[in-house]
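Asker: Dumping the structure here so I can ask a few things about it.
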Amino acid sequence: MINLKRWLVWLSRIHHCMGFGIQSPTDYSFVRNVVNEHWPYYAYENLTDADWKQQKIGRLYFRLANWCQPDVMLADSYQRYWHAGCRKTQFVKDLHHVELARVDMNDEKGLAALLSLCDEHSVLVVEDIWRNPAVWKSLQNDERVSISYDLYYCGILLFQKKRYKSHYIINF
């Protein structure tokens, strides 16, 4: 049943593969080289999990950390993936400024707190966006968010004020 659902999600998003339709060179590059990069990275051998979804998302987080190179991050269950992507990252329990953070869609208090800490250099990853489309839509429409990537399993929010507001659905 889970494999069927995974394939149905993939097929429903097939026209959003590999950055098709993205006009911005920066956003296209992000989708191709970070989100949907299929080349093996140096740390993939050490980053394996039995669960396919956790491994897929973990490798995305590895590539995000490699791209973003954050100094400080909130500690979470994917810490080994984040740290493999950026060895200099320090993990803390509370943040005063967000460079890169992951939060669950069901943690609305945590989401609001993190949004208030975000600036133009912040990257916020929201997990399980498919569980509550209304909350995800409100995050996309938030005035502080300039670019959002809907990957179904998670969403990525960027806060670059000089950019036009853009929302992308990606077949991840």
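By order in the structure tokens, chains are A, B, ...; within a chain, residues start at 1; ligands start at 1, following the order shown.
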Give me, as a list in words, all polymer residues having an atom no more than 8 Å from Ile147 in chain A, counting only C-alpha atoms and skipping those fewer than 2 positions away in the same chain.
Answerer: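 Within the cut-off, the hits are Gln140, Val145, Tyr149, Leu157, Leu158, Phe159, Gln160, Arg163, Tyr164, Lys165, Ser166, His167 and Tyr168 of chain A.
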Asker: Within 8 Å of Arg59 in chain A, counting only C-alpha atoms, which residues show up once you throw out same-chain ones fewer than 5 positions away? Write them as an MDAnalysis selection string, please.
Answerer: chainID A and resid 44 47 81
Asker: Could those residues be written to a file, using C-alpha atoms, as a compact mmCIF listing (two decimals), in the first residue's frame?
Answerer:
```
# COMPACT_ATOMS: atom_id res chain seq x y z
CA TYR A 44 26.36 8.57 1.17
CA LEU A 47 24.47 7.69 5.62
CA TYR A 81 23.00 14.07 7.93
```
Asker: Which is closer to Asp71 in chain A than all the others in A:Arg32, A:His121, A:Gln23, A:Asp51, using only C-alpha atoms?
Answerer: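 Under the stated criterion, the closest residue is A:His121.
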Asker: Just how far from CA of Asn46 in chain A is CA of Ala84 in chain A, in Å to one decimal?
Answerer: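 We find that CA of Ala84 in chain A and CA of Asn46 in chain A lie 9.1 Å from each other.
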Asker: Counting only C-alpha atoms, figure out which residue out of A:Leu4, A:Tyr153, A:Tyr61, A:Ser77 gets nearest to Arg131 in chain A.
Answerer: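 Nearest to Arg131 in chain A: A:Tyr153.
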Asker: Write out as a JSON list (two decimals) with all heavy atoms, in the first residue's frame all residues of range 32-110 of chain A that backbone DSSP assigns to alpha helix (DSSP H).
Answerer:
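Once everything was written out, this is part.json:
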```json
[["chain", "number", "residue", "atom", "x", "y", "z"],
["A", 52, "TRP", "N", 13.37, 3.77, 3.52],
["A", 52, "TRP", "CA", 13.68, 4.50, 2.28],
["A", 52, "TRP", "C", 13.37, 5.99, 2.41],
["A", 52, "TRP", "O", 14.11, 6.83, 1.91],
["A", 52, "TRP", "CB", 12.92, 3.91, 1.08],
["A", 52, "TRP", "CG", 11.44, 4.14, 1.17],
["A", 52, "TRP", "CD1", 10.52, 3.32, 1.74],
["A", 52, "TRP", "CD2", 10.73, 5.29, 0.71],
["A", 52, "TRP", "NE1", 9.27, 3.88, 1.66],
["A", 52, "TRP", "CE2", 9.37, 5.10, 1.04],
["A", 52, "TRP", "CE3", 11.09, 6.46, 0.06],
["A", 52, "TRP", "CZ2", 8.38, 6.02, 0.74],
["A", 52, "TRP", "CZ3", 10.11, 7.39, -0.23],
["A", 52, "TRP", "CH2", 8.77, 7.16, 0.09],
["A", 53, "LYS", "N", 12.26, 6.32, 3.09],
["A", 53, "LYS", "CA", 11.85, 7.72, 3.19],
["A", 53, "LYS", "C", 12.83, 8.51, 4.07],
["A", 53, "LYS", "O", 13.24, 9.62, 3.71],
["A", 53, "LYS", "CB", 10.44, 7.82, 3.77],
["A", 53, "LYS", "CG", 9.93, 9.23, 3.87],
["A", 53, "LYS", "CD", 8.53, 9.25, 4.46],
["A", 53, "LYS", "CE", 8.12, 10.64, 4.80],
["A", 53, "LYS", "NZ", 6.88, 10.68, 5.58],
["A", 54, "GLN", "N", 13.21, 7.95, 5.20],
["A", 54, "GLN", "CA", 14.15, 8.63, 6.08],
["A", 54, "GLN", "C", 15.49, 8.83, 5.38],
["A", 54, "GLN", "O", 16.11, 9.89, 5.49],
["A", 54, "GLN", "CB", 14.35, 7.84, 7.37],
["A", 54, "GLN", "CG", 15.24, 8.55, 8.36],
["A", 54, "GLN", "CD", 15.35, 7.80, 9.67],
["A", 54, "GLN", "OE1", 14.79, 6.72, 9.85],
["A", 54, "GLN", "NE2", 16.09, 8.36, 10.59],
["A", 55, "GLN", "N", 15.93, 7.85, 4.62],
["A", 55, "GLN", "CA", 17.19, 7.98, 3.89],
["A", 55, "GLN", "C", 17.08, 9.04, 2.79],
["A", 55, "GLN", "O", 17.98, 9.86, 2.62],
["A", 55, "GLN", "CB", 17.60, 6.65, 3.29],
["A", 55, "GLN", "CG", 18.92, 6.72, 2.56],
["A", 55, "GLN", "CD", 19.43, 5.35, 2.18],
["A", 55, "GLN", "OE1", 19.44, 4.46, 3.00],
["A", 55, "GLN", "NE2", 19.84, 5.21, 0.94],
["A", 56, "LYS", "N", 15.98, 9.04, 2.06],
["A", 56, "LYS", "CA", 15.78, 10.02, 0.98],
["A", 56, "LYS", "C", 15.77, 11.44, 1.53],
["A", 56, "LYS", "O", 16.44, 12.33, 1.02],
["A", 56, "LYS", "CB", 14.48, 9.72, 0.25],
["A", 56, "LYS", "CG", 14.18, 10.64, -0.90],
["A", 56, "LYS", "CD", 12.90, 10.22, -1.60],
["A", 56, "LYS", "CE", 12.59, 11.10, -2.75],
["A", 56, "LYS", "NZ", 12.80, 10.50, -4.04],
["A", 57, "ILE", "N", 15.01, 11.67, 2.60],
["A", 57, "ILE", "CA", 14.94, 12.99, 3.22],
["A", 57, "ILE", "C", 16.26, 13.35, 3.88],
["A", 57, "ILE", "O", 16.72, 14.49, 3.78],
["A", 57, "ILE", "CB", 13.76, 13.06, 4.20],
["A", 57, "ILE", "CG1", 12.44, 12.99, 3.41],
["A", 57, "ILE", "CG2", 13.81, 14.32, 5.05],
["A", 57, "ILE", "CD1", 11.21, 12.88, 4.25],
["A", 58, "GLY", "N", 16.88, 12.39, 4.53],
["A", 58, "GLY", "CA", 18.18, 12.64, 5.16],
["A", 58, "GLY", "C", 19.24, 13.07, 4.16],
["A", 58, "GLY", "O", 20.02, 13.99, 4.42],
["A", 59, "ARG", "N", 19.26, 12.44, 3.00],
["A", 59, "ARG", "CA", 20.22, 12.83, 1.97],
["A", 59, "ARG", "C", 19.92, 14.23, 1.43],
["A", 59, "ARG", "O", 20.84, 14.97, 1.09],
["A", 59, "ARG", "CB", 20.25, 11.80, 0.85],
["A", 59, "ARG", "CG", 20.95, 10.52, 1.29],
["A", 59, "ARG", "CD", 21.00, 9.50, 0.19],
["A", 59, "ARG", "NE", 21.79, 8.36, 0.60],
["A", 59, "ARG", "CZ", 22.06, 7.34, -0.17],
["A", 59, "ARG", "NH1", 21.61, 7.31, -1.42],
["A", 59, "ARG", "NH2", 22.79, 6.33, 0.28],
["A", 60, "LEU", "N", 18.64, 14.58, 1.34],
["A", 60, "LEU", "CA", 18.28, 15.95, 0.97],
["A", 60, "LEU", "C", 18.85, 16.92, 2.02],
["A", 60, "LEU", "O", 19.42, 17.95, 1.66],
["A", 60, "LEU", "CB", 16.78, 16.11, 0.87],
["A", 60, "LEU", "CG", 16.28, 17.56, 0.76],
["A", 60, "LEU", "CD1", 16.71, 18.18, -0.57],
["A", 60, "LEU", "CD2", 14.78, 17.63, 0.95],
["A", 61, "TYR", "N", 18.70, 16.60, 3.28],
["A", 61, "TYR", "CA", 19.21, 17.47, 4.35],
["A", 61, "TYR", "C", 20.73, 17.57, 4.30],
["A", 61, "TYR", "O", 21.29, 18.63, 4.57],
["A", 61, "TYR", "CB", 18.75, 16.97, 5.71],
["A", 61, "TYR", "CG", 17.25, 17.05, 5.91],
["A", 61, "TYR", "CD1", 16.63, 16.38, 6.93],
["A", 61, "TYR", "CD2", 16.44, 17.80, 5.06],
["A", 61, "TYR", "CE1", 15.26, 16.45, 7.12],
["A", 61, "TYR", "CE2", 15.07, 17.87, 5.23],
["A", 61, "TYR", "CZ", 14.49, 17.18, 6.28],
["A", 61, "TYR", "OH", 13.14, 17.25, 6.46],
["A", 62, "PHE", "N", 21.38, 16.48, 3.96],
["A", 62, "PHE", "CA", 22.83, 16.51, 3.77],
["A", 62, "PHE", "C", 23.20, 17.52, 2.67],
["A", 62, "PHE", "O", 24.07, 18.36, 2.84],
["A", 62, "PHE", "CB", 23.33, 15.10, 3.40],
["A", 62, "PHE", "CG", 24.69, 15.08, 2.78],
["A", 62, "PHE", "CD1", 25.82, 15.20, 3.55],
["A", 62, "PHE", "CD2", 24.82, 14.95, 1.40],
["A", 62, "PHE", "CE1", 27.08, 15.18, 2.97],
["A", 62, "PHE", "CE2", 26.07, 14.94, 0.82],
["A", 62, "PHE", "CZ", 27.20, 15.04, 1.60],
["A", 63, "ARG", "N", 22.48, 17.45, 1.53],
["A", 63, "ARG", "CA", 22.77, 18.36, 0.42],
["A", 63, "ARG", "C", 22.42, 19.80, 0.78],
["A", 63, "ARG", "O", 23.13, 20.74, 0.38],
["A", 63, "ARG", "CB", 22.03, 17.91, -0.84],
["A", 63, "ARG", "CG", 22.52, 16.58, -1.38],
["A", 63, "ARG", "CD", 21.92, 16.24, -2.73],
["A", 63, "ARG", "NE", 20.47, 16.21, -2.76],
["A", 63, "ARG", "CZ", 19.72, 15.14, -2.53],
["A", 63, "ARG", "NH1", 20.28, 13.98, -2.22],
["A", 63, "ARG", "NH2", 18.40, 15.21, -2.61],
["A", 64, "LEU", "N", 21.35, 20.01, 1.55],
["A", 64, "LEU", "CA", 20.99, 21.36, 2.00],
["A", 64, "LEU", "C", 22.08, 21.94, 2.90],
["A", 64, "LEU", "O", 22.45, 23.10, 2.75],
["A", 64, "LEU", "CB", 19.67, 21.33, 2.77],
["A", 64, "LEU", "CG", 18.41, 21.57, 2.00],
["A", 64, "LEU", "CD1", 17.19, 21.32, 2.88],
["A", 64, "LEU", "CD2", 18.38, 22.95, 1.43],
["A", 65, "ALA", "N", 22.57, 21.15, 3.83],
["A", 65, "ALA", "CA", 23.64, 21.63, 4.72],
["A", 65, "ALA", "C", 24.90, 21.91, 3.91],
["A", 65, "ALA", "O", 25.60, 22.89, 4.18],
["A", 65, "ALA", "CB", 23.93, 20.60, 5.81],
["A", 66, "ASN", "N", 25.19, 21.08, 2.93],
["A", 66, "ASN", "CA", 26.35, 21.28, 2.07],
["A", 66, "ASN", "C", 26.21, 22.57, 1.28],
["A", 66, "ASN", "O", 27.17, 23.31, 1.08],
["A", 66, "ASN", "CB", 26.48, 20.07, 1.13],
["A", 66, "ASN", "CG", 27.83, 19.94, 0.51],
["A", 66, "ASN", "OD1", 28.80, 20.48, 1.00],
["A", 66, "ASN", "ND2", 27.89, 19.21, -0.58],
["A", 67, "TRP", "N", 24.99, 22.89, 0.84],
["A", 67, "TRP", "CA", 24.71, 24.11, 0.07],
["A", 67, "TRP", "C", 24.71, 25.34, 0.95],
["A", 67, "TRP", "O", 25.28, 26.37, 0.61],
["A", 67, "TRP", "CB", 23.37, 23.94, -0.63],
["A", 67, "TRP", "CG", 22.85, 25.15, -1.33],
["A", 67, "TRP", "CD1", 23.28, 25.67, -2.51],
["A", 67, "TRP", "CD2", 21.78, 26.00, -0.89],
["A", 67, "TRP", "NE1", 22.55, 26.79, -2.84],
["A", 67, "TRP", "CE2", 21.62, 27.01, -1.85],
["A", 67, "TRP", "CE3", 20.94, 25.99, 0.22],
["A", 67, "TRP", "CZ2", 20.66, 27.99, -1.74],
["A", 67, "TRP", "CZ3", 19.99, 26.97, 0.33],
["A", 67, "TRP", "CH2", 19.86, 27.96, -0.65],
["A", 68, "CYS", "N", 24.07, 25.25, 2.12],
["A", 68, "CYS", "CA", 23.86, 26.41, 2.99],
["A", 68, "CYS", "C", 25.07, 26.71, 3.90],
["A", 68, "CYS", "O", 25.31, 27.86, 4.23],
["A", 68, "CYS", "CB", 22.63, 26.15, 3.84],
["A", 68, "CYS", "SG", 22.05, 27.54, 4.79],
["A", 79, "GLN", "N", 20.48, 14.92, 12.69],
["A", 79, "GLN", "CA", 21.73, 15.63, 12.96],
["A", 79, "GLN", "C", 22.93, 15.03, 12.24],
["A", 79, "GLN", "O", 23.79, 15.76, 11.74],
["A", 79, "GLN", "CB", 21.97, 15.65, 14.47],
["A", 79, "GLN", "CG", 23.12, 16.51, 14.89],
["A", 79, "GLN", "CD", 23.13, 16.71, 16.40],
["A", 79, "GLN", "OE1", 22.08, 16.77, 17.02],
["A", 79, "GLN", "NE2", 24.30, 16.80, 16.95],
["A", 80, "ARG", "N", 23.00, 13.73, 12.12],
["A", 80, "ARG", "CA", 24.17, 13.13, 11.45],
["A", 80, "ARG", "C", 24.20, 13.48, 9.96],
["A", 80, "ARG", "O", 25.26, 13.64, 9.38],
["A", 80, "ARG", "CB", 24.23, 11.63, 11.67],
["A", 80, "ARG", "CG", 23.12, 10.84, 11.04],
["A", 80, "ARG", "CD", 23.14, 9.38, 11.53],
["A", 80, "ARG", "NE", 22.13, 8.63, 10.86],
["A", 80, "ARG", "CZ", 22.36, 7.77, 9.89],
["A", 80, "ARG", "NH1", 23.58, 7.54, 9.49],
["A", 80, "ARG", "NH2", 21.37, 7.12, 9.33],
["A", 81, "TYR", "N", 23.04, 13.65, 9.33],
["A", 81, "TYR", "CA", 23.00, 14.07, 7.93],
["A", 81, "TYR", "C", 23.44, 15.53, 7.80],
["A", 81, "TYR", "O", 24.22, 15.87, 6.92],
["A", 81, "TYR", "CB", 21.58, 13.91, 7.36],
["A", 81, "TYR", "CG", 21.19, 12.48, 7.10],
["A", 81, "TYR", "CD1", 20.48, 11.75, 8.05],
["A", 81, "TYR", "CD2", 21.53, 11.86, 5.91],
["A", 81, "TYR", "CE1", 20.11, 10.45, 7.80],
["A", 81, "TYR", "CE2", 21.17, 10.56, 5.66],
["A", 81, "TYR", "CZ", 20.46, 9.85, 6.61],
["A", 81, "TYR", "OH", 20.10, 8.56, 6.35],
["A", 82, "TRP", "N", 22.89, 16.39, 8.67],
["A", 82, "TRP", "CA", 23.26, 17.81, 8.63],
["A", 82, "TRP", "C", 24.76, 17.96, 8.85],
["A", 82, "TRP", "O", 25.43, 18.72, 8.16],
["A", 82, "TRP", "CB", 22.52, 18.60, 9.70],
["A", 82, "TRP", "CG", 21.03, 18.65, 9.60],
["A", 82, "TRP", "CD1", 20.14, 18.12, 10.49],
["A", 82, "TRP", "CD2", 20.24, 19.27, 8.59],
["A", 82, "TRP", "NE1", 18.86, 18.38, 10.09],
["A", 82, "TRP", "CE2", 18.88, 19.09, 8.93],
["A", 82, "TRP", "CE3", 20.54, 19.98, 7.42],
["A", 82, "TRP", "CZ2", 17.84, 19.58, 8.17],
["A", 82, "TRP", "CZ3", 19.49, 20.47, 6.66],
["A", 82, "TRP", "CH2", 18.17, 20.27, 7.02],
["A", 83, "HIS", "N", 25.29, 17.24, 9.84],
["A", 83, "HIS", "CA", 26.71, 17.37, 10.19],
["A", 83, "HIS", "C", 27.61, 16.83, 9.09],
["A", 83, "HIS", "O", 28.70, 17.35, 8.85],
["A", 83, "HIS", "CB", 26.99, 16.67, 11.52],
["A", 83, "HIS", "CG", 28.29, 17.05, 12.10],
["A", 83, "HIS", "ND1", 29.39, 16.23, 12.07],
["A", 83, "HIS", "CD2", 28.69, 18.19, 12.72],
["A", 83, "HIS", "CE1", 30.40, 16.84, 12.65],
["A", 83, "HIS", "NE2", 30.01, 18.02, 13.06],
["A", 84, "ALA", "N", 27.18, 15.79, 8.39],
["A", 84, "ALA", "CA", 27.98, 15.27, 7.28],
["A", 84, "ALA", "C", 28.06, 16.28, 6.15],
["A", 84, "ALA", "O", 29.08, 16.37, 5.46],
["A", 84, "ALA", "CB", 27.37, 13.96, 6.77],
["A", 85, "GLY", "N", 27.02, 17.08, 5.98],
["A", 85, "GLY", "CA", 27.02, 18.10, 4.93],
["A", 85, "GLY", "C", 27.81, 19.33, 5.30],
["A", 85, "GLY", "O", 28.31, 20.05, 4.43],
["A", 108, "GLU", "N", 2.93, 24.04, 15.54],
["A", 108, "GLU", "CA", 2.59, 25.40, 15.11],
["A", 108, "GLU", "C", 3.27, 26.47, 15.96],
["A", 108, "GLU", "O", 3.64, 27.52, 15.45],
["A", 108, "GLU", "CB", 1.08, 25.59, 15.08],
["A", 108, "GLU", "CG", 0.42, 24.77, 13.97],
["A", 108, "GLU", "CD", -1.05, 25.07, 13.81],
["A", 108, "GLU", "OE1", -1.45, 26.23, 13.97],
["A", 108, "GLU", "OE2", -1.78, 24.11, 13.52],
["A", 109, "LYS", "N", 3.45, 26.21, 17.25],
["A", 109, "LYS", "CA", 4.16, 27.15, 18.12],
["A", 109, "LYS", "C", 5.61, 27.29, 17.68],
["A", 109, "LYS", "O", 6.15, 28.38, 17.58],
["A", 109, "LYS", "CB", 4.12, 26.66, 19.56],
["A", 109, "LYS", "CG", 3.39, 27.53, 20.51],
["A", 109, "LYS", "CD", 3.51, 26.96, 21.90],
["A", 109, "LYS", "CE", 2.64, 27.75, 22.83],
["A", 109, "LYS", "NZ", 2.68, 27.24, 24.18],
["A", 110, "GLY", "N", 6.24, 26.16, 17.42],
["A", 110, "GLY", "CA", 7.63, 26.17, 16.97],
["A", 110, "GLY", "C", 7.78, 26.85, 15.62],
["A", 110, "GLY", "O", 8.74, 27.56, 15.37]]
```
